[in-house]
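Note: the block below is query.tsv and it holds TSV, C-alpha atoms.
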```tsv
chain	number	residue	atom	x	y	z
A	1	MET	CA	-29.81	-21.92	-8.02
A	2	ALA	CA	-26.78	-22.35	-5.77
A	3	SER	CA	-27.37	-22.78	-2.05
A	4	GLU	CA	-24.21	-20.88	-1.10
A	5	TYR	CA	-22.39	-18.04	-2.80
A	6	SER	CA	-18.77	-17.10	-2.28
A	7	PHE	CA	-15.94	-14.80	-3.27
A	8	ASP	CA	-12.22	-14.55	-2.55
A	9	VAL	CA	-10.49	-11.55	-1.00
A	10	VAL	CA	-6.99	-11.16	-2.48
A	11	SER	CA	-4.29	-8.52	-2.62
A	12	LYS	CA	-2.17	-8.75	-5.77
A	13	VAL	CA	-0.09	-6.41	-7.89
A	14	ASP	CA	-0.33	-6.96	-11.65
A	15	MET	CA	3.37	-7.22	-12.52
A	16	GLN	CA	2.85	-6.43	-16.23
A	17	GLU	CA	1.09	-3.16	-15.35
A	18	MET	CA	3.79	-2.46	-12.73
A	19	ASN	CA	6.46	-2.93	-15.41
A	20	ASN	CA	4.56	-0.56	-17.73
A	21	ALA	CA	4.32	2.05	-14.95
A	22	VAL	CA	8.09	1.82	-14.34
A	23	GLN	CA	8.81	2.23	-18.08
A	24	GLN	CA	6.52	5.28	-18.31
A	25	ALA	CA	8.12	6.82	-15.21
A	26	LEU	CA	11.62	6.30	-16.67
A	27	LYS	CA	10.51	7.89	-19.94
A	28	GLU	CA	9.17	10.94	-18.08
A	29	ILE	CA	12.37	11.25	-16.01
A	30	GLU	CA	14.44	11.26	-19.23
A	31	THR	CA	12.41	14.11	-20.73
A	32	ARG	CA	11.99	16.33	-17.66
A	33	PHE	CA	14.20	19.42	-17.43
A	34	ASP	CA	14.78	19.18	-13.66
A	35	PHE	CA	16.34	15.71	-14.14
A	36	LYS	CA	18.79	16.75	-16.90
A	37	GLY	CA	22.21	15.29	-16.08
A	38	SER	CA	21.05	13.48	-12.95
A	39	LYS	CA	21.64	9.81	-12.20
A	40	SER	CA	17.99	8.87	-11.55
A	41	ASP	CA	16.86	5.32	-12.19
A	42	ILE	CA	14.15	2.79	-11.27
A	43	LYS	CA	14.80	-0.96	-11.42
A	44	LEU	CA	12.09	-3.61	-11.04
A	45	GLU	CA	13.46	-6.98	-9.92
A	46	ASP	CA	10.96	-9.72	-9.09
A	47	VAL	CA	8.82	-8.17	-6.28
A	48	GLN	CA	11.17	-5.31	-5.42
A	49	LEU	CA	11.82	-1.83	-6.79
A	50	THR	CA	15.12	-0.03	-6.41
A	51	VAL	CA	14.94	3.75	-6.85
A	52	LEU	CA	18.22	5.63	-7.31
A	53	SER	CA	18.85	9.38	-7.56
A	54	ASP	CA	21.30	12.21	-6.79
A	55	SER	CA	19.68	13.55	-3.60
A	56	ASP	CA	16.83	12.86	-1.18
A	57	PHE	CA	14.69	15.52	-2.87
A	58	LYS	CA	15.19	14.10	-6.36
A	59	LEU	CA	14.61	10.58	-5.04
A	60	GLN	CA	11.28	11.69	-3.59
A	61	SER	CA	10.40	13.29	-6.94
A	62	VAL	CA	11.19	10.02	-8.73
A	63	VAL	CA	8.96	8.11	-6.27
A	64	ASP	CA	6.16	10.67	-6.84
A	65	ILE	CA	6.44	10.24	-10.62
A	66	LEU	CA	6.36	6.45	-10.21
A	67	GLN	CA	3.29	6.63	-7.94
A	68	SER	CA	1.42	8.85	-10.40
A	69	LYS	CA	2.15	6.39	-13.24
A	70	MET	CA	1.03	3.48	-11.04
A	71	ILE	CA	-2.26	5.21	-10.24
A	72	LYS	CA	-2.90	5.94	-13.93
A	73	ARG	CA	-2.34	2.25	-14.75
A	74	GLY	CA	-4.52	1.00	-11.88
A	75	VAL	CA	-1.66	-0.47	-9.84
A	76	PRO	CA	-2.35	-0.20	-6.08
A	77	ILE	CA	0.14	2.05	-4.28
A	78	LEU	CA	-0.98	0.77	-0.87
A	79	ASN	CA	0.89	-2.46	-1.60
A	80	LEU	CA	4.26	-0.68	-1.61
A	81	ASP	CA	6.49	-1.24	1.41
A	82	TYR	CA	9.06	1.60	1.52
A	83	GLY	CA	12.53	0.92	2.88
A	84	LYS	CA	14.70	3.66	4.31
A	85	ILE	CA	16.73	5.99	2.12
A	86	GLU	CA	20.40	4.97	2.20
A	87	PRO	CA	23.55	6.36	0.59
A	88	ALA	CA	24.80	4.56	-2.53
A	89	SER	CA	27.98	4.73	-4.61
A	90	GLY	CA	28.92	7.84	-6.58
A	91	GLY	CA	27.27	10.30	-4.19
A	92	THR	CA	23.77	9.01	-4.90
A	93	VAL	CA	20.98	7.77	-2.64
A	94	ARG	CA	18.92	4.61	-2.96
A	95	GLN	CA	15.58	3.38	-1.66
A	96	VAL	CA	14.32	-0.18	-1.85
A	97	ILE	CA	10.54	-0.58	-2.18
A	98	LYS	CA	9.04	-4.05	-1.75
A	99	LEU	CA	5.78	-5.03	-3.47
A	100	ARG	CA	3.39	-6.89	-1.18
A	101	GLN	CA	1.71	-9.83	-2.91
A	102	GLY	CA	-1.05	-11.61	-1.01
A	103	ILE	CA	-2.60	-10.93	2.38
A	104	ASP	CA	-0.29	-11.55	5.35
A	105	GLN	CA	-1.61	-13.52	8.34
A	106	GLU	CA	-2.00	-10.48	10.60
A	107	SER	CA	-4.09	-8.56	8.05
A	108	ALA	CA	-6.12	-11.69	7.28
A	109	LYS	CA	-6.99	-12.05	10.98
A	110	LYS	CA	-8.04	-8.37	11.13
A	111	ILE	CA	-10.28	-8.87	8.07
A	112	ASN	CA	-11.77	-12.01	9.66
A	113	VAL	CA	-12.57	-10.09	12.86
A	114	LEU	CA	-14.10	-7.22	10.84
A	115	ILE	CA	-16.37	-9.65	8.99
A	116	ARG	CA	-17.33	-11.48	12.20
A	117	ASP	CA	-18.11	-8.21	14.04
A	118	SER	CA	-20.38	-7.05	11.20
A	119	LYS	CA	-23.03	-9.59	12.34
A	120	LEU	CA	-23.75	-10.53	8.71
A	121	LYS	CA	-24.64	-14.17	8.05
A	122	VAL	CA	-21.41	-15.07	6.26
A	123	LYS	CA	-18.41	-17.27	7.01
A	124	SER	CA	-14.82	-16.35	6.23
A	125	GLN	CA	-11.76	-18.56	6.26
A	126	ILE	CA	-8.09	-17.90	5.61
A	127	GLN	CA	-6.67	-19.90	2.67
A	128	GLY	CA	-2.94	-19.17	2.44
A	129	ASP	CA	-2.53	-15.57	1.27
A	130	GLN	CA	-6.23	-14.99	0.55
A	131	LEU	CA	-9.62	-15.24	2.28
A	132	ARG	CA	-12.76	-17.05	1.13
A	133	VAL	CA	-16.09	-15.54	2.21
A	134	THR	CA	-19.23	-17.68	1.83
A	135	GLY	CA	-22.88	-16.97	2.56
A	136	LYS	CA	-26.42	-17.82	1.50
A	137	SER	CA	-27.30	-14.27	0.42
A	138	LYS	CA	-25.59	-12.32	-2.38
A	139	ASP	CA	-26.67	-9.11	-0.61
A	140	ASP	CA	-24.69	-10.12	2.51
A	141	LEU	CA	-21.62	-10.81	0.37
A	142	GLN	CA	-21.91	-7.41	-1.30
A	143	SER	CA	-22.29	-5.82	2.15
A	144	VAL	CA	-19.03	-7.52	3.20
A	145	MET	CA	-17.31	-6.14	0.06
A	146	SER	CA	-18.42	-2.59	0.80
A	147	LEU	CA	-17.45	-3.03	4.48
A	148	LEU	CA	-13.92	-4.10	3.50
A	149	LYS	CA	-13.57	-1.29	0.94
A	150	GLY	CA	-14.43	1.29	3.58
A	151	ALA	CA	-12.39	-0.30	6.38
A	152	GLY	CA	-9.19	1.67	5.63
A	153	LEU	CA	-6.91	-1.37	5.66
A	154	PRO	CA	-3.18	-0.84	4.94
A	155	LEU	CA	-3.34	-2.87	1.71
A	156	GLU	CA	-5.36	-2.83	-1.50
A	157	LEU	CA	-7.97	-5.59	-1.70
A	158	GLN	CA	-9.49	-7.17	-4.79
A	159	PHE	CA	-12.52	-9.45	-4.88
A	160	THR	CA	-12.34	-12.45	-7.22
A	161	ASN	CA	-14.26	-15.69	-7.97
A	162	TYR	CA	-17.62	-14.16	-7.14
A	163	ARG	CA	-20.15	-16.96	-7.64
```
Could you render the structure as C-alpha coordinates?
Amino acid sequence: MASEYSFDVVSKVDMQEMNNAVQQALKEIETRFDFKGSKSDIKLEDVQLTVLSDSDFKLQSVVDILQSKMIKRGVPILNLDYGKIEPASGGTVRQVIKLRQGIDQESAKKINVLIRDSKLKVKSQIQGDQLRVTGKSKDDLQSVMSLLKGAGLPLELQFTNYR
(Lines of atoms letter the chains of each structure in order from A and count residues from 1; the text may use other names and numbers.)
(Lines give C-alpha, C1' and ligand atoms only; values in the text may rest on other atoms or scores of the structure.)
Protein backbone atom coordinates (compact mmCIF):
# COMPACT_ATOMS: atom_id res chain seq x y z
CA MET A 1 0.00 0.00 0.00
CA ALA A 2 1.33 3.42 -0.97
CA SER A 3 2.18 5.85 1.81
CA GLU A 4 1.07 8.89 -0.20
CA TYR A 5 -1.60 9.30 -2.85
CA SER A 6 -1.74 12.06 -5.43
CA PHE A 7 -3.59 13.49 -8.40
CA ASP A 8 -3.03 16.30 -10.89
CA VAL A 9 -5.39 19.21 -11.48
CA VAL A 10 -5.32 20.21 -15.16
CA SER A 11 -7.39 22.31 -17.53
CA LYS A 12 -7.23 21.06 -21.12
CA VAL A 13 -9.43 21.19 -24.20
CA ASP A 14 -9.49 18.01 -26.30
CA MET A 15 -8.66 19.46 -29.72
CA GLN A 16 -10.08 16.46 -31.64
CA GLU A 17 -13.45 16.87 -29.91
CA MET A 18 -13.23 20.64 -30.47
CA ASN A 19 -12.67 20.04 -34.18
CA ASN A 20 -15.67 17.67 -34.26
CA ALA A 21 -17.84 20.28 -32.52
CA VAL A 22 -16.81 22.92 -35.09
CA GLN A 23 -17.63 20.55 -37.98
CA GLN A 24 -21.05 19.73 -36.51
CA ALA A 25 -21.80 23.42 -35.95
CA LEU A 26 -20.84 24.24 -39.56
CA LYS A 27 -23.07 21.42 -40.81
CA GLU A 28 -26.02 22.78 -38.78
CA ILE A 29 -25.41 26.34 -40.04
CA GLU A 30 -25.50 25.06 -43.66
CA THR A 31 -28.87 23.37 -43.16
CA ARG A 32 -30.66 26.01 -41.07
CA PHE A 33 -33.20 28.20 -42.85
CA ASP A 34 -32.30 31.41 -40.96
CA PHE A 35 -28.71 31.16 -42.28
CA LYS A 36 -29.67 30.70 -45.97
CA GLY A 37 -27.49 33.01 -48.07
CA SER A 38 -25.48 34.34 -45.11
CA LYS A 39 -21.70 34.41 -44.90
CA SER A 40 -21.38 32.55 -41.58
CA ASP A 41 -18.24 30.56 -40.87
CA ILE A 42 -16.16 29.10 -38.02
CA LYS A 43 -12.42 28.50 -38.40
CA LEU A 44 -10.30 26.57 -35.88
CA GLU A 45 -6.61 27.47 -36.07
CA ASP A 46 -4.30 26.01 -33.42
CA VAL A 47 -5.80 27.27 -30.10
CA GLN A 48 -8.00 30.00 -31.59
CA LEU A 49 -11.46 30.12 -33.15
CA THR A 50 -12.53 32.78 -35.62
CA VAL A 51 -16.30 33.20 -35.98
CA LEU A 52 -17.57 35.22 -38.95
CA SER A 53 -21.13 36.26 -39.82
CA ASP A 54 -23.30 38.95 -41.44
CA SER A 55 -24.44 40.79 -38.29
CA ASP A 56 -23.95 40.82 -34.51
CA PHE A 57 -27.19 38.87 -34.03
CA LYS A 58 -26.22 36.13 -36.49
CA LEU A 59 -22.72 35.99 -35.02
CA GLN A 60 -24.22 35.41 -31.56
CA SER A 61 -26.43 32.67 -33.03
CA VAL A 62 -23.36 30.99 -34.56
CA VAL A 63 -21.57 31.14 -31.18
CA ASP A 64 -24.67 29.65 -29.48
CA ILE A 65 -24.76 26.78 -32.01
CA LEU A 66 -21.03 26.18 -31.46
CA GLN A 67 -21.46 26.16 -27.66
CA SER A 68 -24.32 23.67 -27.84
CA LYS A 69 -22.22 21.33 -30.02
CA MET A 70 -19.27 21.70 -27.62
CA ILE A 71 -21.46 20.79 -24.64
CA LYS A 72 -22.83 17.72 -26.45
CA ARG A 73 -19.26 16.56 -27.17
CA GLY A 74 -18.04 17.21 -23.62
CA VAL A 75 -15.77 20.13 -24.52
CA PRO A 76 -15.61 22.70 -21.68
CA ILE A 77 -17.06 26.08 -22.66
CA LEU A 78 -15.53 27.77 -19.61
CA ASN A 79 -12.15 27.55 -21.33
CA LEU A 80 -13.24 29.94 -24.09
CA ASP A 81 -11.84 33.47 -23.95
CA TYR A 82 -14.09 35.72 -26.07
CA GLY A 83 -12.58 38.66 -27.92
CA LYS A 84 -14.62 41.69 -28.91
CA ILE A 85 -16.81 41.72 -32.00
CA GLU A 86 -15.12 43.71 -34.77
CA PRO A 87 -16.11 44.64 -38.31
CA ALA A 88 -14.59 42.54 -41.11
CA SER A 89 -14.45 42.85 -44.90
CA GLY A 90 -17.58 42.60 -47.04
CA GLY A 91 -19.94 44.04 -44.42
CA THR A 92 -19.45 41.13 -42.03
CA VAL A 93 -18.44 40.95 -38.37
CA ARG A 94 -15.80 38.76 -36.76
CA GLN A 95 -15.06 37.51 -33.26
CA VAL A 96 -11.86 35.80 -32.17
CA ILE A 97 -12.23 33.22 -29.39
CA LYS A 98 -9.09 31.87 -27.73
CA LEU A 99 -9.00 28.39 -26.17
CA ARG A 100 -7.32 28.33 -22.77
CA GLN A 101 -5.03 25.32 -22.34
CA GLY A 102 -3.55 24.75 -18.90
CA ILE A 103 -4.00 26.62 -15.63
CA ASP A 104 -2.53 30.14 -15.59
CA GLN A 105 -0.42 31.22 -12.59
CA GLU A 106 -3.12 33.44 -11.07
CA SER A 107 -5.75 30.68 -11.11
CA ALA A 108 -3.21 28.16 -9.81
CA LYS A 109 -2.48 30.43 -6.83
CA LYS A 110 -6.23 30.78 -6.12
CA ILE A 111 -6.62 26.98 -6.22
CA ASN A 112 -3.62 26.61 -3.88
CA VAL A 113 -5.16 29.06 -1.40
CA LEU A 114 -8.53 27.25 -1.61
CA ILE A 115 -6.87 23.92 -0.82
CA ARG A 116 -4.81 25.42 2.02
CA ASP A 117 -7.86 27.14 3.58
CA SER A 118 -9.83 23.87 3.53
CA LYS A 119 -7.70 22.61 6.47
CA LEU A 120 -7.45 19.16 4.86
CA LYS A 121 -4.18 17.27 5.37
CA VAL A 122 -2.97 17.59 1.78
CA LYS A 123 -0.16 19.43 0.02
CA SER A 124 -0.48 21.15 -3.33
CA GLN A 125 2.24 22.47 -5.59
CA ILE A 126 2.20 24.27 -8.92
CA GLN A 127 3.98 22.37 -11.72
CA GLY A 128 3.95 24.55 -14.83
CA ASP A 129 0.36 24.72 -16.09
CA GLN A 130 -1.01 22.12 -13.66
CA LEU A 131 -1.16 21.40 -9.92
CA ARG A 132 -0.16 18.24 -8.05
CA VAL A 133 -2.09 17.48 -4.86
CA THR A 134 -0.67 14.84 -2.50
CA GLY A 135 -1.94 13.42 0.77
CA LYS A 136 -1.94 10.31 2.95
CA SER A 137 -5.71 9.78 2.76
CA LYS A 138 -7.70 9.07 -0.41
CA ASP A 139 -10.75 10.55 1.33
CA ASP A 140 -8.95 13.89 1.76
CA LEU A 141 -8.00 13.89 -1.93
CA GLN A 142 -11.60 13.21 -2.93
CA SER A 143 -12.72 16.03 -0.61
CA VAL A 144 -10.30 18.36 -2.42
CA MET A 145 -11.77 17.27 -5.79
CA SER A 146 -15.32 18.01 -4.67
CA LEU A 147 -14.17 21.33 -3.14
CA LEU A 148 -12.61 22.40 -6.46
CA LYS A 149 -15.65 21.27 -8.48
CA GLY A 150 -17.93 23.41 -6.33
CA ALA A 151 -15.59 26.42 -6.11
CA GLY A 152 -17.00 28.17 -9.21
CA LEU A 153 -13.62 28.84 -10.80
CA PRO A 154 -13.54 30.59 -14.21
CA LEU A 155 -12.06 27.53 -15.95
CA GLU A 156 -12.95 23.87 -16.34
CA LEU A 157 -10.80 21.53 -14.24
CA GLN A 158 -10.00 17.88 -14.86
CA PHE A 159 -8.38 15.49 -12.39
CA THR A 160 -5.77 13.10 -13.79
CA ASN A 161 -3.10 10.63 -12.56
CA TYR A 162 -5.10 9.65 -9.50
CA ARG A 163 -2.93 7.13 -7.65
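Interatomic distance, atom CA of Leu59 of chain A against atom CA of Ser40 of chain A: 7.5 Å.
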Report as JSON, numbers by chain all protein, DNA and RNA residues lying within 7 Å of segment 63-75 of chain A, evaluated on all atoms listed in the file, omitting residues in the same chain fewer than 6 positions from it. {"A": [13, 14, 17, 18, 21, 22, 24, 25]}
Which residue of A:Val47, A:Leu155, A:Met145, A:Leu120 approaches Val96 of chain A most closely, using all atoms listed in the file: A:Val47
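Using only C-alpha atoms, the shortest contact distance between Lys121 of chain A and any of A:Tyr5, A:Tyr82, A:Phe33, A:Tyr162 is found at A:Tyr5.
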Let me have the centre and edge lengths of the axis-aligned box enclosing all listed atoms of segment 25-39 of chain A with 8 Å padding on every side, in Å to one decimal, as lines of an AutoDock Vina configuration file.
```
center_x = 15.2
center_y = 12.9
center_z = -16.5
size_x = 30.1
size_y = 29.1
size_z = 24.5
```
Kindly give the distance, in Å, that separates atom CA of Lys136 of chain A and atom CA of Val122 of chain A, rounded to a single decimal.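 Separation between atom CA of Lys136 of chain A and atom CA of Val122 of chain A: 7.4 Å.
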Restricting the calculation to only C-alpha atoms, which member of A:Pro154, A:Asp8, A:Pro87, A:Leu44 is positioned closest to Asn20 of chain A?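 Smallest distance to Asn20 of chain A is found for A:Leu44.
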Nearest residue to Ile115 of chain A out of A:Thr31, A:Ser137, A:Ser146, A:Ser89, using all atoms listed in the file? A:Ser146
Of the candidates A:Gln60, A:Asn112, A:Gln16, A:Ser3, which shows the shortest atom-to-atom distance to Leu148 of chain A, using all atoms listed in the file?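 Going through A:Gln60, A:Asn112, A:Gln16, A:Ser3 one by one, the smallest distance to Leu148 of chain A is for A:Asn112.
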Identify, on the basis of all atoms listed in the file, every residue whose closest approach to Lys149 of chain A does not exceed 12 Å; exclude the query and any residue fewer than 3 positions from it along the same chain; express the result as a ChimeraX atom specification. /A:9,111,114-115,142-146,152-159
Could you list, as a VMD selection string, every residue within 7 Å of Ser124 of chain A, counting all atoms listed in the file and ignoring same-chain residues fewer than 4 positions away? chain A and resid 112 131 to 134
Which residue gives the smallest distance to Lys12 of chain A among A:Ala151, A:Ala108, A:Leu141, A:Leu78, with only C-alpha atoms counted?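 Answer, going by the shortest atom-to-atom distance: A:Leu78.
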Find the distance between atom CA of Ala88 of chain A and atom CA of Lys43 of chain A and write it in Å to one decimal.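 Straight-line distance from atom CA of Ala88 of chain A to atom CA of Lys43 of chain A works out to 14.5 Å.
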Protein, DNA and RNA residues within 9 Å of (13.1, 3.3, 3.7), only C-alpha atoms, as a PDB file with C-alpha atoms, in the coordinates of the input:
```pdb
ATOM      1  CA  ASP A  81       6.490  -1.240   1.410  1.00  0.00           C
ATOM      2  CA  TYR A  82       9.060   1.600   1.520  1.00  0.00           C
ATOM      3  CA  GLY A  83      12.530   0.920   2.880  1.00  0.00           C
ATOM      4  CA  LYS A  84      14.700   3.660   4.310  1.00  0.00           C
ATOM      5  CA  ILE A  85      16.730   5.990   2.120  1.00  0.00           C
ATOM      6  CA  GLU A  86      20.400   4.970   2.200  1.00  0.00           C
ATOM      7  CA  ARG A  94      18.920   4.610  -2.960  1.00  0.00           C
ATOM      8  CA  GLN A  95      15.580   3.380  -1.660  1.00  0.00           C
ATOM      9  CA  VAL A  96      14.320  -0.180  -1.850  1.00  0.00           C
ATOM     10  CA  ILE A  97      10.540  -0.580  -2.180  1.00  0.00           C
TER      11      ILE A  97
END
```
Would you mind listing what lies within 8 Å of Gly102 of chain A as an MDAnalysis selection string, with only C-alpha atoms counted and same-chain residues fewer than 5 positions away left out? chainID A and resid 10:12 129:130
Shell around Ser38 of chain A at 12 Å using only C-alpha atoms, local window under 6 positions removed, as a PyMOL selection string: chain A and resi 29-32+52-55+58-59+62+90-93
